[in-house]
Amino acid sequence: MKIKLLILFLVLSCSLSYSQTKLADKFFENYGYVKAIELYEKVVEKGKADAHVLTRLGDAYYNNSNSEKAVYWYKKALSEYKNIEAEYIYKYIQSLRSIGNYEEANVWFKKLSDAQQGDSRLKGYDPDNVGIFDQLTSKNIDLVVTLENLPFNSELSDFGSFVKDSTLYFATARGDNKKVYNWNKEPFLDIYQINFQQEENAEGQIVETYGSPSELLGEGVNTIYHEASIAITNNGKTMYFTRDNINHRQRLQYDKEGTTHLKIYKSTLVGKQWSKPEELPFNDEVYSTGHPALSVDNKTLFFVSDRDGGIGQTDIYSVEINDDDSFGYPINLGDKINTEGREMFPFVGKDSTFYFSSDGHLNLGLLDIFKSNILTKTEEVTAPENMGAPFNSGYDDFAFYVDSETKKGYISSNRPEGKGSDDIYGFTISKCIQLITGTATEDRTEIILKGVTVQLIDETGKIIAETVTKEDGAYAFEVECNKTYTILGTKEDYQDDKQTIITSRKDEEETTIDLVLKPLLLESQIIINPIFFDYAKATIRVDAQYELENIINVLRKHKDMVIKIESHTDSRGRDKYNLKLSDRRAKSTAEYIISRGIEPSRIASARGFGETRLLNECSNGSKCSEEEHQVNRRSYFYIVDGNKDKE
């Protein structure tokens with residue numbers, strides 16, 4: 001009897017577990033993820049979980065952007081069962097990226113590459129280059145991007161910004177709607193609007209001050225179901241938006257599987273009210289169409305759909321808007337944009353840059369925001385570019401909107417520091433700017449030099465700014481962060497001073513680089529850096545020519561100046577040989593100066609003195625260092641006649 005009862009209990013237990021799984025599946029397939037999670041986890045508690053239950057739990061948490069839980073259940077499924085579909089591996093990788101575990105994500109990415117060759121989501125990703133994610137997280141480090149969680153966000157979902165005439169439109173789950181969406185157990189979405197003003201703050205920055213949000217003014221735009229993601233034409237007269245598929249009785253329409261899809265509607269502004277919406281003709285009952293966006297000229301509508309014939313789970317399409325307000329045939333944007341994953345929330349900037357969100361292109365986890373030049377006809381279409389941090393995080397980042405002229409805009413994200421499940425963040429983009437300042441002075445005397453030409457040179461050698469010091473000897477340049485610059489100071493009758501700097505990544509940092517110029521004219525000499533010759537040779541080397549150009553510059557300025565040249569050696573070598581060698585070097589120096597257009601008559605003499613006039617005790621047989629011998633290897637350029645005035 002006990003055995004029969006035990007068998008009966010096991011049968012009932014299995015039956016109940018099977019029934020509970022089927023019920024959970026029903027909620028899952030109708031996007032009731034919160035309830036599905038509860039039911040699936042009950043099955044797990046009873047020890048009856050199979051690969052289906054574990055992966056469904058992973059999916060339910062993944063679809064609700066709970067990456068930590070998704071990682072847990074996907075890992076459990078992959079560790080307990082073989083031959084798990086590649087799609088779950090990809091979602092596991094996405095979840096690992098989302099929580100920053102790039103090392104483990106790489107391990108599984110290599111496995112996915114073997115199992116899923118040809119998947120467009122694998123393009124551009126090198127599993128051996130873990131640093132790619134560091135590049136994405138530091139991508140905008142040379143810019144100043146201020147990201148602010150906006151004050152009107154609620155504890156529920158708020159997302160999807162569009163600005164027209166100082167009014168911000170967005171979707172929100174706030175309001176009086178008591179009906180709850182099973183996906184996340186929040187009320188259904190409505191379209192709201194909020195006015196804002198731009199004002200200058202104490203720091204001279206333009207900031208937005210927001211009023212109070214209110215429901216969109218319109219006849220029958222908002223219903224008890226979802227409305228979201230709007231686009232408004234340039235003239236402000238037509239609005240496109242996404243809505244659940246409902247009938248004329250304001251009730252949900254379902255397909256044969258019991259699924260409700262999304263559709264795009266349009267409404268016209270009459271006075272200050274939006275008219276009763278009209279459904280667009282390319283919607284359908286068996287697939288979703290949503291997330292409308294307009295081209296700059298308003299002649300093309302972009303949208304998202306999971307219709308047949310697409311590349312991935314959801315693709316972005318375009319459709320022409322004809323002059324009579326009819327529509328052309330929807331066209332898939334192709335594999336330059338779409339992947340096997342999800343491409344969503346398109347937006348076109350004023351400069352025709354195409355923005356969208358995707359979990360199929362290389363990302364930091366879940367949805368990331370990308371930009372593409374696919375609409376810029378003058379350029380070759382390149383792969384979409386991940387916008388990087390702080391626009392993107394390990395969480396869902398989407399619904400990008402920017403004014404490409406003011407560099408101000410909005411993103412939506414469910415990152416954990418927000419107020420609700422999805423929040424709207426305002427941002428401003430500006431260059432990271434620093435200041436390089438300094439003072440030009442004379443070497444030895446330290447007197448301030450006016451009339452010094454100071455040039456700012458970039459790493460390609462291009463002069464990008466120039467100034468001349470005044471009485472205070474000061475100069476200043478505004479420069480970009482994380483760049484290499486050269487500061488060059490020049491003044492007649494002075495040797496140039498050149499300083500190189502790599503600016504830091506800190507905005508508004510100031511760096512001081514003082515310039516110290518050595519006078520070329522000092523008492524009765526023209527002073528230059530030592531000129532060097534190859535051992536036992538008198539040929540003028542390139543580095544010596546470079547220094548001798550200072551002599552030529554002085555002689556060209558002072559037309560009546562006459563000089564004499566003296567050359568000296570150290571004590572090493574035979575005395576007579578050194579005497580002849582120094583004489584040849586002095587004469588080679590004179591010949592070079594003459595070859596540069598200086599009259600021979602302006603060089604009174606060019607004579608070598610060998611080792612006869614040593615400046616230290618390093619005579620024959622003395623033990624001296626190379627530096628001590630170098631002191632004795634020198635050339636002098638004495639002024640014997642002519643203008644010695646430095647002015």
# chains A, B, ... in the order shown; residues from 1 in each chain; ligands from 1

$ residues_around --residues "Lys470 (chain A)" --least-positions-apart "4" --cutoff "9 Å" --atoms "only C-alpha atoms" --output "list in words"
Leu449, Lys450, Gly451, Val452, Ala474 and Tyr475 of chain A

$ write_last_selection --atoms "N, CA, C and O atoms" --output "PDB file, in the first residue's frame"
ATOM      1  N   LEU A 449      60.979  88.185 -22.089  1.00  0.00           N
ATOM      2  CA  LEU A 449      61.157  88.488 -23.502  1.00  0.00           C
ATOM      3  C   LEU A 449      59.818  88.809 -24.157  1.00  0.00           C
ATOM      4  O   LEU A 449      58.890  88.007 -24.114  1.00  0.00           O
ATOM      5  N   LYS A 450      59.725  89.963 -24.755  1.00  0.00           N
ATOM      6  CA  LYS A 450      58.582  90.270 -25.609  1.00  0.00           C
ATOM      7  C   LYS A 450      58.977  89.981 -27.061  1.00  0.00           C
ATOM      8  O   LYS A 450      60.166  89.832 -27.383  1.00  0.00           O
ATOM      9  N   GLY A 451      57.990  89.889 -27.918  1.00  0.00           N
ATOM     10  CA  GLY A 451      58.270  89.671 -29.332  1.00  0.00           C
ATOM     11  C   GLY A 451      58.675  88.253 -29.684  1.00  0.00           C
ATOM     12  O   GLY A 451      59.182  88.003 -30.781  1.00  0.00           O
ATOM     13  N   VAL A 452      58.445  87.315 -28.768  1.00  0.00           N
ATOM     14  CA  VAL A 452      58.732  85.912 -29.075  1.00  0.00           C
ATOM     15  C   VAL A 452      57.520  85.316 -29.803  1.00  0.00           C
ATOM     16  O   VAL A 452      56.390  85.404 -29.317  1.00  0.00           O
ATOM     17  N   ALA A 474      54.034  86.633 -21.775  1.00  0.00           N
ATOM     18  CA  ALA A 474      53.130  85.496 -21.568  1.00  0.00           C
ATOM     19  C   ALA A 474      52.490  85.037 -22.879  1.00  0.00           C
ATOM     20  O   ALA A 474      52.341  85.806 -23.831  1.00  0.00           O
ATOM     21  N   TYR A 475      52.101  83.765 -22.899  1.00  0.00           N
ATOM     22  CA  TYR A 475      51.335  83.199 -24.002  1.00  0.00           C
ATOM     23  C   TYR A 475      50.338  82.205 -23.419  1.00  0.00           C
ATOM     24  O   TYR A 475      50.483  81.738 -22.276  1.00  0.00           O
TER      25      TYR A 475
END

$ select_by_dssp --residues "region 462-609 of chain A" --states "helix (DSSP H, G or I)" --output "number ranges by chain"
A: 542-557, 575-595, 600-602

$ atom_distance --atom1 "CA of Glu405 (chain A)" --atom2 "CA of Ile429 (chain A)"
10.6 Å

$ residues_around --residues "Phe152 (chain A)" --least-positions-apart "6" --cutoff "12 Å" --atoms "only C-alpha atoms" --output "list in words"
Asp158, Phe159, Leu168, Phe170, Thr172, Arg174, Tyr192, Gln193, Ile194, Asn195, Phe196, Thr209, Tyr210, Gly211, Ser212, Pro213, Ser214, Gly418, Lys419, Gly420, Asp423, Ile424, Tyr425 and Gly426 of chain A

$ residues_around --residues "Asn386 (chain A)" --least-positions-apart "2" --cutoff "7 Å" --atoms "only C-alpha atoms" --output "JSON, numbers by chain"
{"A": [363, 369, 370, 371, 384, 388]}

$ closest_atom_pairs --of "region 291-382 of chain A" --to "region 258-273 of chain A" --cutoff "9 Å" --atoms "only C-alpha atoms" --output "Markdown table"
| residue | atom | partner | partner_atom | distance |
| --- | --- | --- | --- | --- |
| A:His291 | CA | A:Ile264 | CA | 7.7 |
| A:Pro292 | CA | A:Ile264 | CA | 7.2 |
| A:Phe303 | CA | A:Ile264 | CA | 8.6 |
| A:Ser305 | CA | A:Leu262 | CA | 8.8 |

$ write_last_selection --atoms "all heavy atoms" --output "short mmCIF file (atom, residue, chain, number, x, y, z; two decimals), in the first residue's frame"
data_model
loop_
_atom_site.label_atom_id
_atom_site.label_comp_id
_atom_site.auth_asym_id
_atom_site.auth_seq_id
_atom_site.Cartn_x
_atom_site.Cartn_y
_atom_site.Cartn_z
N HIS A 291 8.45 51.68 -33.34
CA HIS A 291 9.63 52.53 -33.18
C HIS A 291 9.86 53.42 -34.41
O HIS A 291 10.91 53.35 -35.05
CB HIS A 291 10.87 51.70 -32.92
CG HIS A 291 10.79 50.83 -31.71
ND1 HIS A 291 11.81 50.02 -31.30
CD2 HIS A 291 9.79 50.63 -30.81
CE1 HIS A 291 11.47 49.36 -30.22
NE2 HIS A 291 10.24 49.72 -29.90
N PRO A 292 8.91 54.28 -34.78
CA PRO A 292 9.08 55.11 -35.98
C PRO A 292 10.15 56.19 -35.81
O PRO A 292 10.36 56.71 -34.71
CB PRO A 292 7.70 55.74 -36.16
CG PRO A 292 7.15 55.81 -34.77
CD PRO A 292 7.64 54.57 -34.08
N PHE A 303 11.51 52.17 -39.29
CA PHE A 303 10.75 51.49 -38.24
C PHE A 303 11.38 50.12 -37.97
O PHE A 303 12.26 49.65 -38.70
CB PHE A 303 9.28 51.34 -38.63
CG PHE A 303 9.03 50.48 -39.84
CD1 PHE A 303 8.81 49.11 -39.71
CD2 PHE A 303 9.02 51.04 -41.11
CE1 PHE A 303 8.57 48.32 -40.82
CE2 PHE A 303 8.79 50.25 -42.22
CZ PHE A 303 8.57 48.89 -42.08
N SER A 305 10.69 45.93 -37.11
CA SER A 305 9.69 44.89 -37.32
C SER A 305 10.32 43.51 -37.20
O SER A 305 11.52 43.33 -37.46
CB SER A 305 9.04 45.05 -38.70
OG SER A 305 8.06 44.05 -38.91
#

$ closest_residue --among "A:Gly394, A:Phe532, A:His52, A:Ile224" --to "Tyr102 (chain A)" --atoms "only C-alpha atoms"
A:Gly394

$ residues_around --residues "Asn620 (chain A)" --least-positions-apart "5" --cutoff "10 Å" --atoms "only C-alpha atoms" --output "MDAnalysis selection string"
chainID A and resid 570:575 611

$ write_last_selection --atoms "N, CA and C atoms" --output "PDB file, in the first residue's frame"
ATOM      1  N   ASP A 570      90.362  68.232 -28.562  1.00  0.00           N
ATOM      2  CA  ASP A 570      90.876  67.823 -27.253  1.00  0.00           C
ATOM      3  C   ASP A 570      92.304  67.325 -27.427  1.00  0.00           C
ATOM      4  N   SER A 571      92.901  66.806 -26.368  1.00  0.00           N
ATOM      5  CA  SER A 571      94.335  66.470 -26.381  1.00  0.00           C
ATOM      6  C   SER A 571      94.630  65.093 -26.964  1.00  0.00           C
ATOM      7  N   ARG A 572      93.597  64.288 -27.209  1.00  0.00           N
ATOM      8  CA  ARG A 572      93.839  62.943 -27.701  1.00  0.00           C
ATOM      9  C   ARG A 572      94.319  62.985 -29.155  1.00  0.00           C
ATOM     10  N   GLY A 573      95.309  62.184 -29.495  1.00  0.00           N
ATOM     11  CA  GLY A 573      95.905  62.206 -30.832  1.00  0.00           C
ATOM     12  C   GLY A 573      97.178  63.050 -30.831  1.00  0.00           C
ATOM     13  N   ARG A 574      97.911  62.988 -31.950  1.00  0.00           N
ATOM     14  CA  ARG A 574      99.158  63.749 -32.047  1.00  0.00           C
ATOM     15  C   ARG A 574      98.851  65.233 -32.162  1.00  0.00           C
ATOM     16  N   ASP A 575      99.744  66.026 -31.622  1.00  0.00           N
ATOM     17  CA  ASP A 575      99.525  67.472 -31.582  1.00  0.00           C
ATOM     18  C   ASP A 575      99.404  68.060 -32.979  1.00  0.00           C
ATOM     19  N   GLU A 611      94.981  71.447 -30.049  1.00  0.00           N
ATOM     20  CA  GLU A 611      94.833  71.307 -28.598  1.00  0.00           C
ATOM     21  C   GLU A 611      95.656  72.341 -27.841  1.00  0.00           C
TER      22      GLU A 611
END

$ residues_around --residues "region 83-87 of chain A" --least-positions-apart "6" --cutoff "12 Å" --atoms "only C-alpha atoms" --output "NGL selection string"
:A and (50-52 or 54-55 or 58-59 or 74-77 or 93-94 or 108-117 or 119 or 121 or 312-313 or 340-341 or 360)

$ closest_residue --among "A:Ser326, A:Gly310, A:Ile565, A:Lys506" --to "Asn482 (chain A)" --atoms "only C-alpha atoms"
A:Lys506

$ residues_around --residues "Asp308 (chain A)" --least-positions-apart "5" --cutoff "12 Å" --atoms "only C-alpha atoms" --output "PDB file with all heavy atoms, in the first residue's frame"
ATOM      1  N   ASP A 284       0.642  44.845 -39.828  1.00  0.00           N
ATOM      2  CA  ASP A 284       0.047  43.531 -40.074  1.00  0.00           C
ATOM      3  C   ASP A 284      -0.401  42.929 -38.753  1.00  0.00           C
ATOM      4  O   ASP A 284       0.047  43.346 -37.684  1.00  0.00           O
ATOM      5  CB  ASP A 284       1.050  42.609 -40.769  1.00  0.00           C
ATOM      6  CG  ASP A 284       0.365  41.452 -41.476  1.00  0.00           C
ATOM      7  OD1 ASP A 284       0.050  40.455 -40.792  1.00  0.00           O
ATOM      8  OD2 ASP A 284       0.154  41.542 -42.693  1.00  0.00           O
ATOM      9  N   VAL A 286       0.081  39.751 -37.885  1.00  0.00           N
ATOM     10  CA  VAL A 286       0.869  38.586 -37.467  1.00  0.00           C
ATOM     11  C   VAL A 286       2.330  38.930 -37.153  1.00  0.00           C
ATOM     12  O   VAL A 286       3.112  38.033 -36.857  1.00  0.00           O
ATOM     13  CB  VAL A 286       0.819  37.480 -38.546  1.00  0.00           C
ATOM     14  CG1 VAL A 286      -0.589  36.969 -38.699  1.00  0.00           C
ATOM     15  CG2 VAL A 286       1.371  37.969 -39.870  1.00  0.00           C
ATOM     16  N   TYR A 287       2.688  40.172 -37.244  1.00  0.00           N
ATOM     17  CA  TYR A 287       4.019  40.592 -36.810  1.00  0.00           C
ATOM     18  C   TYR A 287       3.933  42.021 -36.282  1.00  0.00           C
ATOM     19  O   TYR A 287       2.933  42.717 -36.505  1.00  0.00           O
ATOM     20  CB  TYR A 287       5.050  40.479 -37.935  1.00  0.00           C
ATOM     21  CG  TYR A 287       4.664  41.134 -39.231  1.00  0.00           C
ATOM     22  CD1 TYR A 287       4.634  42.518 -39.369  1.00  0.00           C
ATOM     23  CD2 TYR A 287       4.327  40.361 -40.336  1.00  0.00           C
ATOM     24  CE1 TYR A 287       4.279  43.114 -40.561  1.00  0.00           C
ATOM     25  CE2 TYR A 287       3.965  40.946 -41.535  1.00  0.00           C
ATOM     26  CZ  TYR A 287       3.948  42.339 -41.644  1.00  0.00           C
ATOM     27  OH  TYR A 287       3.580  42.925 -42.832  1.00  0.00           O
ATOM     28  N   SER A 288       4.962  42.441 -35.589  1.00  0.00           N
ATOM     29  CA  SER A 288       4.976  43.772 -34.984  1.00  0.00           C
ATOM     30  C   SER A 288       5.664  44.791 -35.883  1.00  0.00           C
ATOM     31  O   SER A 288       6.611  44.475 -36.611  1.00  0.00           O
ATOM     32  CB  SER A 288       5.696  43.738 -33.629  1.00  0.00           C
ATOM     33  OG  SER A 288       4.887  43.150 -32.641  1.00  0.00           O
ATOM     34  N   THR A 289       5.192  46.033 -35.800  1.00  0.00           N
ATOM     35  CA  THR A 289       5.774  47.171 -36.507  1.00  0.00           C
ATOM     36  C   THR A 289       5.774  48.334 -35.520  1.00  0.00           C
ATOM     37  O   THR A 289       4.729  48.674 -34.968  1.00  0.00           O
ATOM     38  CB  THR A 289       4.942  47.541 -37.749  1.00  0.00           C
ATOM     39  OG1 THR A 289       4.827  46.387 -38.590  1.00  0.00           O
ATOM     40  CG2 THR A 289       5.582  48.663 -38.529  1.00  0.00           C
ATOM     41  N   GLN A 313      16.057  38.813 -35.098  1.00  0.00           N
ATOM     42  CA  GLN A 313      14.846  38.786 -34.278  1.00  0.00           C
ATOM     43  C   GLN A 313      13.972  40.005 -34.552  1.00  0.00           C
ATOM     44  O   GLN A 313      12.757  39.901 -34.679  1.00  0.00           O
ATOM     45  CB  GLN A 313      15.240  38.723 -32.805  1.00  0.00           C
ATOM     46  CG  GLN A 313      16.014  37.458 -32.450  1.00  0.00           C
ATOM     47  CD  GLN A 313      16.604  37.528 -31.054  1.00  0.00           C
ATOM     48  OE1 GLN A 313      15.990  38.065 -30.138  1.00  0.00           O
ATOM     49  NE2 GLN A 313      17.795  36.996 -30.873  1.00  0.00           N
ATOM     50  N   THR A 314      14.579  41.185 -34.588  1.00  0.00           N
ATOM     51  CA  THR A 314      13.902  42.401 -35.054  1.00  0.00           C
ATOM     52  C   THR A 314      14.885  43.171 -35.925  1.00  0.00           C
ATOM     53  O   THR A 314      16.068  43.301 -35.583  1.00  0.00           O
ATOM     54  CB  THR A 314      13.431  43.302 -33.895  1.00  0.00           C
ATOM     55  OG1 THR A 314      14.547  43.646 -33.060  1.00  0.00           O
ATOM     56  CG2 THR A 314      12.374  42.618 -33.059  1.00  0.00           C
ATOM     57  N   ASP A 315      14.410  43.677 -37.047  1.00  0.00           N
ATOM     58  CA  ASP A 315      15.230  44.428 -37.998  1.00  0.00           C
ATOM     59  C   ASP A 315      14.683  45.837 -38.153  1.00  0.00           C
ATOM     60  O   ASP A 315      13.512  46.113 -37.859  1.00  0.00           O
ATOM     61  CB  ASP A 315      15.220  43.754 -39.376  1.00  0.00           C
ATOM     62  CG  ASP A 315      16.065  42.489 -39.413  1.00  0.00           C
ATOM     63  OD1 ASP A 315      16.635  42.138 -38.369  1.00  0.00           O
ATOM     64  OD2 ASP A 315      16.141  41.867 -40.483  1.00  0.00           O
ATOM     65  N   PRO A 330       8.040  48.645 -47.742  1.00  0.00           N
ATOM     66  CA  PRO A 330       9.112  48.586 -46.735  1.00  0.00           C
ATOM     67  C   PRO A 330      10.343  47.840 -47.236  1.00  0.00           C
ATOM     68  O   PRO A 330      10.227  46.777 -47.857  1.00  0.00           O
ATOM     69  CB  PRO A 330       8.451  47.845 -45.568  1.00  0.00           C
ATOM     70  CG  PRO A 330       6.990  48.101 -45.739  1.00  0.00           C
ATOM     71  CD  PRO A 330       6.764  48.122 -47.221  1.00  0.00           C
ATOM     72  N   ASN A 332      14.189  46.367 -46.045  1.00  0.00           N
ATOM     73  CA  ASN A 332      15.109  46.034 -44.956  1.00  0.00           C
ATOM     74  C   ASN A 332      16.418  46.786 -45.159  1.00  0.00           C
ATOM     75  O   ASN A 332      16.948  46.842 -46.277  1.00  0.00           O
ATOM     76  CB  ASN A 332      15.358  44.522 -44.945  1.00  0.00           C
ATOM     77  CG  ASN A 332      16.107  44.058 -43.711  1.00  0.00           C
ATOM     78  OD1 ASN A 332      17.249  44.433 -43.473  1.00  0.00           O
ATOM     79  ND2 ASN A 332      15.460  43.206 -42.924  1.00  0.00           N
TER      80      ASN A 332
END

$ atom_distance --atom1 "CA of Ile232 (chain A)" --atom2 "CA of Val296 (chain A)"
11.2 Å

$ select_by_dssp --residues "region 158-217 of chain A" --states "strand (DSSP E)" --output "ChimeraX atom specification"
/A:158-164,167-172,180-181,186-187,190-200,206-210,214-215

$ closest_residue --among "A:Lys407, A:Ser413, A:Gln630, A:Asp497" --to "Val144 (chain A)" --atoms "only C-alpha atoms"
A:Lys407

$ atom_distance --atom1 "CA of Ile528 (chain A)" --atom2 "CA of Tyr494 (chain A)"
9.3 Å

$ closest_residue --among "A:Ala383, A:Ala49, A:Val542, A:Ile99" --to "Leu364 (chain A)" --atoms "only C-alpha atoms"
A:Ile99

$ closest_residue --among "A:Glu45, A:Glu320, A:Glu446, A:Asp496" --to "Asn550 (chain A)" --atoms "only C-alpha atoms"
A:Asp496
